[in-house]
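Data file: input_7.cif. Format and content: mmCIF, C-alpha atoms.
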```cif
data_query
#
loop_
_atom_site.label_atom_id
_atom_site.label_comp_id
_atom_site.auth_asym_id
_atom_site.auth_seq_id
_atom_site.Cartn_x
_atom_site.Cartn_y
_atom_site.Cartn_z
CA MET V 11 48.27 154.36 -5.75
CA SER V 12 51.40 152.84 -4.18
CA ALA V 13 52.64 153.95 -0.77
CA PRO V 14 55.65 156.29 -0.64
CA GLN V 15 58.99 154.47 -0.42
CA ALA V 16 60.90 154.81 2.86
CA PHE V 17 64.15 156.49 1.85
CA ILE V 18 65.64 157.35 5.25
CA VAL V 19 65.23 154.83 8.05
CA ALA V 20 66.31 155.31 11.67
CA ASP V 21 66.28 152.14 13.76
CA HIS V 22 66.82 152.28 17.55
CA VAL V 23 69.10 155.31 17.26
CA CYS V 24 70.69 156.65 20.44
CA LYS V 25 72.99 159.61 20.99
CA SER V 26 74.48 161.08 24.15
CA PHE V 27 76.64 164.06 24.92
CA GLY V 28 78.53 163.03 28.03
CA THR V 29 75.94 161.82 30.50
CA HIS V 30 73.08 163.60 28.73
CA GLN V 31 71.15 161.28 26.43
CA VAL V 32 69.73 163.36 23.57
CA LEU V 33 68.26 160.63 21.35
CA ARG V 34 66.60 157.67 23.06
CA ASP V 35 65.92 154.61 20.90
CA VAL V 36 64.55 156.59 17.93
CA SER V 37 62.96 154.42 15.24
CA THR V 38 61.23 156.09 12.33
CA HIS V 39 61.37 156.60 8.57
CA PHE V 40 61.05 159.39 6.01
CA SER V 41 59.57 158.70 2.60
CA THR V 42 60.30 159.78 -0.94
CA GLY V 43 58.16 162.64 -2.20
CA GLU V 44 56.93 163.62 1.25
CA VAL V 45 57.46 166.73 3.32
CA THR V 46 58.20 165.46 6.81
CA VAL V 47 58.36 167.93 9.68
CA ILE V 48 59.76 167.30 13.14
CA ILE V 49 58.49 169.47 15.96
CA GLY V 50 59.30 169.46 19.63
CA ALA V 51 60.37 171.61 22.53
CA SER V 52 63.82 173.15 22.62
CA GLY V 53 66.40 170.51 23.51
CA SER V 54 64.15 167.60 22.58
CA GLY V 55 66.67 166.15 20.08
CA LYS V 56 65.30 167.47 16.78
CA SER V 57 68.49 169.05 15.46
CA THR V 58 70.62 166.15 16.67
CA LEU V 59 68.54 163.72 14.62
CA LEU V 60 68.77 165.97 11.58
CA ARG V 61 72.55 166.20 11.92
CA ALA V 62 72.89 162.46 12.52
CA ILE V 63 71.22 161.72 9.19
CA ASN V 64 74.04 163.62 7.45
CA ARG V 65 76.67 162.23 9.86
CA LEU V 66 77.48 165.71 11.09
CA GLU V 67 76.74 164.26 14.53
CA PRO V 68 77.62 160.53 14.69
CA HIS V 69 75.06 158.45 16.55
CA ASP V 70 76.21 156.11 19.32
CA SER V 71 74.07 153.05 18.58
CA GLY V 72 71.30 151.86 16.31
CA THR V 73 71.35 152.37 12.54
CA ILE V 74 70.46 155.08 10.06
CA THR V 75 70.17 154.08 6.41
CA ILE V 76 69.78 156.21 3.29
CA ASP V 77 68.29 154.27 0.39
CA GLY V 78 69.20 151.05 2.19
CA VAL V 79 72.87 151.96 2.82
CA PRO V 80 73.98 152.47 6.45
CA VAL V 81 75.28 155.91 7.44
CA THR V 82 78.76 155.31 8.89
CA ASP V 83 82.20 156.90 8.93
CA ASP V 84 83.33 155.02 5.82
CA ALA V 85 84.72 157.92 3.80
CA ALA V 86 83.78 156.75 0.30
CA THR V 87 80.22 155.80 1.26
CA LEU V 88 79.73 158.96 3.29
CA GLN V 89 80.87 161.18 0.44
CA LYS V 90 78.45 159.43 -1.93
CA GLN V 91 75.61 159.78 0.58
CA ARG V 92 76.32 163.45 1.14
CA CYS V 93 75.93 163.98 -2.59
CA GLU V 94 72.38 162.67 -2.11
CA VAL V 95 71.70 165.02 0.81
CA GLY V 96 71.31 168.79 0.57
CA MET V 97 71.50 170.58 3.91
CA VAL V 98 70.13 174.06 4.61
CA PHE V 99 71.46 175.29 7.94
CA GLN V 100 69.59 177.51 10.35
CA GLN V 101 72.19 180.28 9.98
CA PHE V 102 72.50 179.76 6.18
CA ASN V 103 76.34 179.33 6.41
CA LEU V 104 76.93 181.23 3.19
CA PHE V 105 80.47 182.40 2.45
CA GLY V 106 80.44 186.17 2.90
CA HIS V 107 83.45 186.78 0.66
CA LEU V 108 81.87 184.94 -2.29
CA SER V 109 79.12 186.16 -4.58
CA VAL V 110 75.75 184.42 -4.63
CA LEU V 111 76.77 182.68 -7.87
CA ASP V 112 80.08 181.49 -6.42
CA ASN V 113 78.38 180.24 -3.25
CA VAL V 114 76.13 178.03 -5.36
CA THR V 115 78.86 176.81 -7.74
CA LEU V 116 81.54 176.13 -5.12
CA ALA V 117 80.61 172.49 -4.44
CA PRO V 118 80.29 171.32 -8.07
CA ARG V 119 83.53 173.07 -9.02
CA ARG V 120 85.54 171.83 -6.04
CA VAL V 121 84.02 168.38 -5.47
CA ARG V 122 82.91 167.30 -8.93
CA ARG V 123 85.47 169.35 -10.88
CA THR V 124 82.67 170.80 -12.99
CA ALA V 125 83.89 173.43 -15.45
CA ARG V 126 83.07 176.96 -14.32
CA ALA V 127 80.90 177.73 -17.36
CA GLN V 128 78.82 174.59 -16.84
CA ALA V 129 78.55 175.19 -13.10
CA ASN V 130 77.47 178.80 -13.67
CA GLU V 131 74.80 177.70 -16.13
CA GLN V 132 73.41 175.16 -13.66
CA ALA V 133 73.55 177.67 -10.81
CA MET V 134 71.66 180.30 -12.77
CA LEU V 135 68.88 177.80 -13.46
CA LEU V 136 68.60 177.14 -9.73
CA LEU V 137 68.72 180.83 -8.84
CA ARG V 138 65.94 181.44 -11.35
CA ARG V 139 63.97 178.65 -9.70
CA VAL V 140 64.16 180.43 -6.34
CA GLY V 141 63.63 183.88 -7.87
CA LEU V 142 67.15 185.27 -7.36
CA GLN V 143 68.62 185.28 -10.85
CA ASP V 144 68.98 189.07 -10.71
CA HIS V 145 71.06 188.85 -7.52
CA ALA V 146 73.68 186.37 -8.73
CA HIS V 147 76.60 188.80 -8.49
CA LYS V 148 75.69 190.27 -5.12
CA TYR V 149 77.25 189.18 -1.85
CA PRO V 150 75.29 187.58 1.01
CA TRP V 151 75.55 190.69 3.17
CA GLN V 152 73.71 192.63 0.46
CA LEU V 153 70.67 190.33 0.70
CA SER V 154 67.76 190.09 3.11
CA GLY V 155 67.39 187.06 5.39
CA GLY V 156 64.75 185.59 3.11
CA GLN V 157 66.98 186.01 0.06
CA GLN V 158 69.90 184.40 1.87
CA GLN V 159 67.65 181.47 2.77
CA ARG V 160 66.75 181.01 -0.89
CA VAL V 161 70.43 181.12 -1.86
CA ALA V 162 71.07 178.40 0.73
CA ILE V 163 68.29 176.29 -0.82
CA ALA V 164 69.76 176.79 -4.31
CA ARG V 165 73.18 175.76 -2.99
CA ALA V 166 71.64 172.63 -1.44
CA LEU V 167 69.96 171.76 -4.75
CA VAL V 168 73.06 172.12 -6.90
CA ARG V 169 74.03 168.46 -6.47
CA ASP V 170 70.49 167.35 -7.41
CA PRO V 171 70.08 165.58 -4.04
CA LYS V 172 67.32 163.13 -3.27
CA ILE V 173 66.98 164.52 0.26
CA ILE V 174 66.75 168.12 1.44
CA LEU V 175 67.31 168.71 5.16
CA LEU V 176 66.23 172.11 6.49
CA ASP V 177 66.86 173.36 10.02
CA GLU V 178 64.18 175.92 10.97
CA PRO V 179 64.00 177.48 7.49
CA PHE V 180 61.26 179.98 8.45
CA GLU V 181 62.88 181.47 11.54
CA GLY V 182 62.92 185.27 11.45
CA LEU V 183 61.38 185.52 7.99
CA ALA V 184 58.42 187.68 7.01
CA PRO V 185 55.17 185.78 6.33
CA VAL V 186 55.32 186.51 2.59
CA ILE V 187 58.83 184.99 2.43
CA VAL V 188 57.69 181.99 4.46
CA GLN V 189 54.98 181.37 1.88
CA ASP V 190 57.60 181.55 -0.88
CA ILE V 191 59.88 179.02 0.83
CA MET V 192 56.87 176.75 1.42
CA ARG V 193 56.07 176.90 -2.30
CA ILE V 194 59.61 175.85 -3.16
CA CYS V 195 59.44 172.94 -0.70
CA ARG V 196 56.14 171.73 -2.16
CA GLU V 197 57.57 171.86 -5.69
CA LEU V 198 60.61 169.85 -4.62
CA ALA V 199 58.45 167.18 -2.98
CA GLN V 200 56.21 166.99 -6.05
CA ALA V 201 59.35 166.41 -8.11
CA GLY V 202 60.09 163.35 -5.95
CA GLN V 203 62.59 164.74 -3.47
CA THR V 204 62.42 163.87 0.21
CA ILE V 205 62.00 167.03 2.29
CA PHE V 206 62.79 166.78 5.98
CA LEU V 207 62.67 169.86 8.12
CA ILE V 208 62.66 171.06 11.69
CA GLU V 209 60.40 173.99 12.35
CA GLN V 210 58.85 175.92 15.24
CA ASN V 211 56.36 177.83 13.08
CA LEU V 212 53.39 175.51 13.61
CA ALA V 213 51.03 177.28 11.23
CA ALA V 214 53.52 176.90 8.38
CA THR V 215 54.45 173.39 9.48
CA LEU V 216 50.92 172.03 9.47
CA ALA V 217 50.13 173.71 6.15
CA LEU V 218 53.25 172.30 4.47
CA ALA V 219 53.82 168.85 5.95
CA SER V 220 52.71 165.48 4.66
CA ARG V 221 53.67 163.90 7.97
CA VAL V 222 54.53 165.34 11.37
CA TYR V 223 56.74 163.77 14.01
CA ILE V 224 56.65 165.06 17.57
CA ILE V 225 59.89 164.49 19.46
CA ASN V 226 59.76 164.65 23.24
CA ASN V 227 62.69 164.01 25.55
CA GLY V 228 64.74 162.36 22.82
CA HIS V 229 62.19 159.93 21.41
CA VAL V 230 59.36 160.01 18.89
CA ALA V 231 56.32 160.61 21.06
CA HIS V 232 53.82 160.73 18.19
CA GLU V 233 53.75 160.59 14.42
CA GLY V 234 50.98 160.95 11.89
CA PRO V 235 49.59 162.87 8.95
CA ALA V 236 49.54 166.64 9.37
CA GLN V 237 45.75 166.64 9.22
CA GLU V 238 45.64 164.34 12.24
CA ILE V 239 47.86 166.69 14.25
CA LYS V 240 45.63 169.61 13.29
CA ALA V 241 42.59 167.72 14.50
CA ARG V 242 44.19 166.81 17.85
CA PRO V 243 45.39 170.02 19.51
CA GLU V 244 45.76 168.11 22.78
CA LEU V 245 48.94 166.56 21.32
CA LEU V 246 50.50 170.00 20.90
CA GLN V 247 49.40 170.93 24.41
CA ARG V 248 50.85 167.76 25.88
CA TYR V 249 54.22 167.86 24.20
CA LEU V 250 54.76 171.52 23.38
CA GLY V 251 52.71 173.24 26.06
CA ILE V 252 50.74 175.37 23.55
#
```
In structure tokens, write the structure found in this file.
Amino acid sequence: MSAPQAFIVADHVCKSFGTHQVLRDVSTHFSTGEVTVIIGASGSGKSTLLRAINRLEPHDSGTITIDGVPVTDDAATLQKQRCEVGMVFQQFNLFGHLSVLDNVTLAPRRVRRTARAQANEQAMLLLRRVGLQDHAHKYPWQLSGGQQQRVAIARALVRDPKIILLDEPFEGLAPVIVQDIMRICRELAQAGQTIFLIEQNLAATLALASRVYIINNGHVAHEGPAQEIKARPELLQRYLGI
């Protein structure tokens, strides 16, 4: 069986905010068909790395490539790359004045000029996939946190991206909903998508991840298969204090 292909590669990436260096010479990769989880203490640089991959936070030096193409400010390249990347934000960022269906169809209708009927059909398939087909005409404020999270995942999937970035997708969710989101992530990885998430829920993280990266003070302090991290609790004690 061949090794997973490295789809996202960070090479000597640095990022500072003023005099505070957040990412320090980060070199790592994330592979196709894997669920990669980054853990680390608050302020360790996890979210900055996630945002740098999608160029929401430009890095200062080093390179980040997606499928071999550097992530830069070139508008045409960046737009193409962002079509390959689905982002699920920590606060969902759904539009409160739009229905669930319109939240999911907004990007294909506005960016790709997809006809409304076609966009609606595609969106309903995705909402069925995340178990929310019966809530398509509700508004985000009428949904629970777990339901809003699933809408955000459906919206991220609407462009059929190769990469899904999730920023603490389990925060504040009931255990039964966490299990549901984990199931969706596993299915996406099995379908060949690259899943990259930041998460503080270690039990869920270690059950879901193919690989785990521990970030400490802006650099990758340790990386390895999830089973290795499970078997070495001293790593969690050293870098997370738990």
Task: region 125-135 of chain V surroundings by all atoms listed in the file, 12 Å radius, close-in-sequence under 2 positions cut, as a count of residues only - done: 36
Using only C-alpha atoms, what does the table of region 75-105 of chain V residues within 10 Å of region 37-48 of chain V look like, with each row giving the shortest atom pair and its distance in Å to one decimal, sorted by chain and ascending number, as JSON lines?
```
{"residue": "V:Thr75", "atom": "CA", "partner": "V:His39", "partner_atom": "CA", "distance": 9.4}
{"residue": "V:Ile76", "atom": "CA", "partner": "V:Phe40", "partner_atom": "CA", "distance": 9.7}
{"residue": "V:Asp77", "atom": "CA", "partner": "V:Thr42", "partner_atom": "CA", "distance": 9.8}
```
TODO: Tell me which protein, DNA and RNA residues are within 7 Å of region 56-69 of chain V, counting only C-alpha atoms, leaving out same-chain ones fewer than 2 positions away, and put them as a list in words.
DONE: Val23, Cys24, Lys25, Ile48, Gly50, Ser54, Ser71, Ile74, Val81, Arg92, Ile208 and Ile225 of chain V
Generate the output file for the selected residues, C-alpha atoms, as a PDB file, in the frame of the given file.
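As a result, out_33.pdb now contains:
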```
ATOM      1  CA  VAL V  23      69.100 155.310  17.260  1.00  0.00           C
ATOM      2  CA  CYS V  24      70.690 156.650  20.440  1.00  0.00           C
ATOM      3  CA  LYS V  25      72.990 159.610  20.990  1.00  0.00           C
ATOM      4  CA  ILE V  48      59.760 167.300  13.140  1.00  0.00           C
ATOM      5  CA  GLY V  50      59.300 169.460  19.630  1.00  0.00           C
ATOM      6  CA  SER V  54      64.150 167.600  22.580  1.00  0.00           C
ATOM      7  CA  SER V  71      74.070 153.050  18.580  1.00  0.00           C
ATOM      8  CA  ILE V  74      70.460 155.080  10.060  1.00  0.00           C
ATOM      9  CA  VAL V  81      75.280 155.910   7.440  1.00  0.00           C
ATOM     10  CA  ARG V  92      76.320 163.450   1.140  1.00  0.00           C
ATOM     11  CA  ILE V 208      62.660 171.060  11.690  1.00  0.00           C
ATOM     12  CA  ILE V 225      59.890 164.490  19.460  1.00  0.00           C
TER      13      ILE V 225
END
```
- [ ] Taking the file as shown, find all residues satisfying the PyMOL selection byres ((chain V and resi 174) around 7) and write them as a ChimeraX atom specification.
- [x] /V:95-97,171-173,175-176,204-206
If you apply the PyMOL selection byres ((chain V and resi 190) around 12) to this file, what residues do you get, as a PDB file with C-alpha atoms, in the coordinates of the input?
```
ATOM      1  CA  ARG V 139      63.970 178.650  -9.700  1.00  0.00           C
ATOM      2  CA  VAL V 140      64.160 180.430  -6.340  1.00  0.00           C
ATOM      3  CA  GLY V 141      63.630 183.880  -7.870  1.00  0.00           C
ATOM      4  CA  GLY V 156      64.750 185.590   3.110  1.00  0.00           C
ATOM      5  CA  GLN V 157      66.980 186.010   0.060  1.00  0.00           C
ATOM      6  CA  GLN V 159      67.650 181.470   2.770  1.00  0.00           C
ATOM      7  CA  ARG V 160      66.750 181.010  -0.890  1.00  0.00           C
ATOM      8  CA  ILE V 163      68.290 176.290  -0.820  1.00  0.00           C
ATOM      9  CA  PRO V 179      64.000 177.480   7.490  1.00  0.00           C
ATOM     10  CA  PHE V 180      61.260 179.980   8.450  1.00  0.00           C
ATOM     11  CA  LEU V 183      61.380 185.520   7.990  1.00  0.00           C
ATOM     12  CA  ALA V 184      58.420 187.680   7.010  1.00  0.00           C
ATOM     13  CA  PRO V 185      55.170 185.780   6.330  1.00  0.00           C
ATOM     14  CA  VAL V 186      55.320 186.510   2.590  1.00  0.00           C
ATOM     15  CA  ILE V 187      58.830 184.990   2.430  1.00  0.00           C
ATOM     16  CA  VAL V 188      57.690 181.990   4.460  1.00  0.00           C
ATOM     17  CA  GLN V 189      54.980 181.370   1.880  1.00  0.00           C
ATOM     18  CA  ILE V 191      59.880 179.020   0.830  1.00  0.00           C
ATOM     19  CA  MET V 192      56.870 176.750   1.420  1.00  0.00           C
ATOM     20  CA  ARG V 193      56.070 176.900  -2.300  1.00  0.00           C
ATOM     21  CA  ILE V 194      59.610 175.850  -3.160  1.00  0.00           C
ATOM     22  CA  CYS V 195      59.440 172.940  -0.700  1.00  0.00           C
ATOM     23  CA  ARG V 196      56.140 171.730  -2.160  1.00  0.00           C
ATOM     24  CA  GLU V 197      57.570 171.860  -5.690  1.00  0.00           C
ATOM     25  CA  ALA V 214      53.520 176.900   8.380  1.00  0.00           C
ATOM     26  CA  LEU V 218      53.250 172.300   4.470  1.00  0.00           C
TER      27      LEU V 218
END
```
Using only the atoms of region 78-89 of chain V listed in the file, plus 3 Å on each side, state the axis-aligned box centre and edge lengths in Å rounded to one decimal, as AutoDock Vina command-line options.
```
--center_x 77.0 --center_y 156.1 --center_z 4.6 --size_x 21.5 --size_y 16.1 --size_z 14.6
```
- [ ] Enter the distance from CA of Gln237 (chain V) to CA of Tyr223 (chain V), in Å, rounded to one decimal.
- [x]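 Straight-line distance from CA of Gln237 (chain V) to CA of Tyr223 (chain V) works out to 12.3 Å.
Neighbouring residues of Ala236 (chain V) at 8 Å or closer, counting only C-alpha atoms and skipping chain neighbours under 3 positions away, are Leu216, Ala217, Ala219, Ser220, Arg221, Val222, Ile239 and Lys240 of chain V.
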Task: Residue among V:His229, V:Arg248, V:His107, V:Lys90 lying closest to Gly55 (chain V), counting all atoms listed in the file - done: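 When distances to Gly55 (chain V) are compared using all atoms listed in the file, the smallest one comes from V:His229.
Distances here use only C-alpha atoms; by that measure, the residue among V:Leu108, V:Leu136, V:Leu153, V:Ile224 closest to Leu198 (chain V) is V:Leu136.
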TODO: Write out as an MDAnalysis selection string which residues come within 10 Å of Ser52 (chain V) when counting all atoms listed in the file, dropping same-chain ones fewer than 5 positions away.
DONE: chainID V and resid 57 210 226:227 250
Task: Atomic separation - CA of Glu209 (chain V) relative to CA of Trp151 (chain V), Å - done: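 Going from CA of Trp151 (chain V) over to CA of Glu209 (chain V), I get 24.3 Å.
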TODO: Give me, please, the distance in Å between CA of Asp70 (chain V) and CA of Gly228 (chain V), quoted to one decimal.
DONE: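 The value is 13.5 Å.
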Task: Best match for closeness to Thr215 (chain V) among V:Glu178, V:Gln31, V:Val36, V:Thr82, counting all atoms listed in the file - done: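 Smallest distance to Thr215 (chain V) is found for V:Glu178.
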Can you take the partial region 141-152 of chain V, add N, CA and C atoms, and return it as a tab-separated table (two decimals), in the frame of the given file?
```tsv
chain	number	residue	atom	x	y	z
V	141	GLY	N	63.94	182.48	-7.66
V	141	GLY	CA	63.63	183.88	-7.87
V	141	GLY	C	64.76	184.85	-7.57
V	142	LEU	N	66.02	184.40	-7.70
V	142	LEU	CA	67.15	185.27	-7.36
V	142	LEU	C	68.15	185.43	-8.51
V	143	GLN	N	67.69	185.19	-9.72
V	143	GLN	CA	68.62	185.28	-10.85
V	143	GLN	C	69.22	186.68	-11.01
V	144	ASP	N	68.48	187.69	-10.57
V	144	ASP	CA	68.98	189.07	-10.71
V	144	ASP	C	69.95	189.46	-9.59
V	145	HIS	N	70.19	188.55	-8.65
V	145	HIS	CA	71.06	188.85	-7.52
V	145	HIS	C	72.33	187.99	-7.54
V	146	ALA	N	72.59	187.34	-8.66
V	146	ALA	CA	73.68	186.37	-8.73
V	146	ALA	C	75.04	186.95	-8.38
V	147	HIS	N	75.27	188.21	-8.70
V	147	HIS	CA	76.60	188.80	-8.49
V	147	HIS	C	76.69	189.64	-7.23
V	148	LYS	N	75.63	189.60	-6.42
V	148	LYS	CA	75.69	190.27	-5.12
V	148	LYS	C	76.37	189.36	-4.10
V	149	TYR	N	76.68	189.93	-2.94
V	149	TYR	CA	77.25	189.18	-1.85
V	149	TYR	C	76.18	188.95	-0.79
V	150	PRO	N	76.33	187.89	0.03
V	150	PRO	CA	75.29	187.58	1.01
V	150	PRO	C	74.89	188.75	1.90
V	151	TRP	N	75.85	189.57	2.28
V	151	TRP	CA	75.55	190.69	3.17
V	151	TRP	C	74.69	191.76	2.50
V	152	GLN	N	74.55	191.68	1.19
V	152	GLN	CA	73.71	192.63	0.46
V	152	GLN	C	72.27	192.12	0.32
```
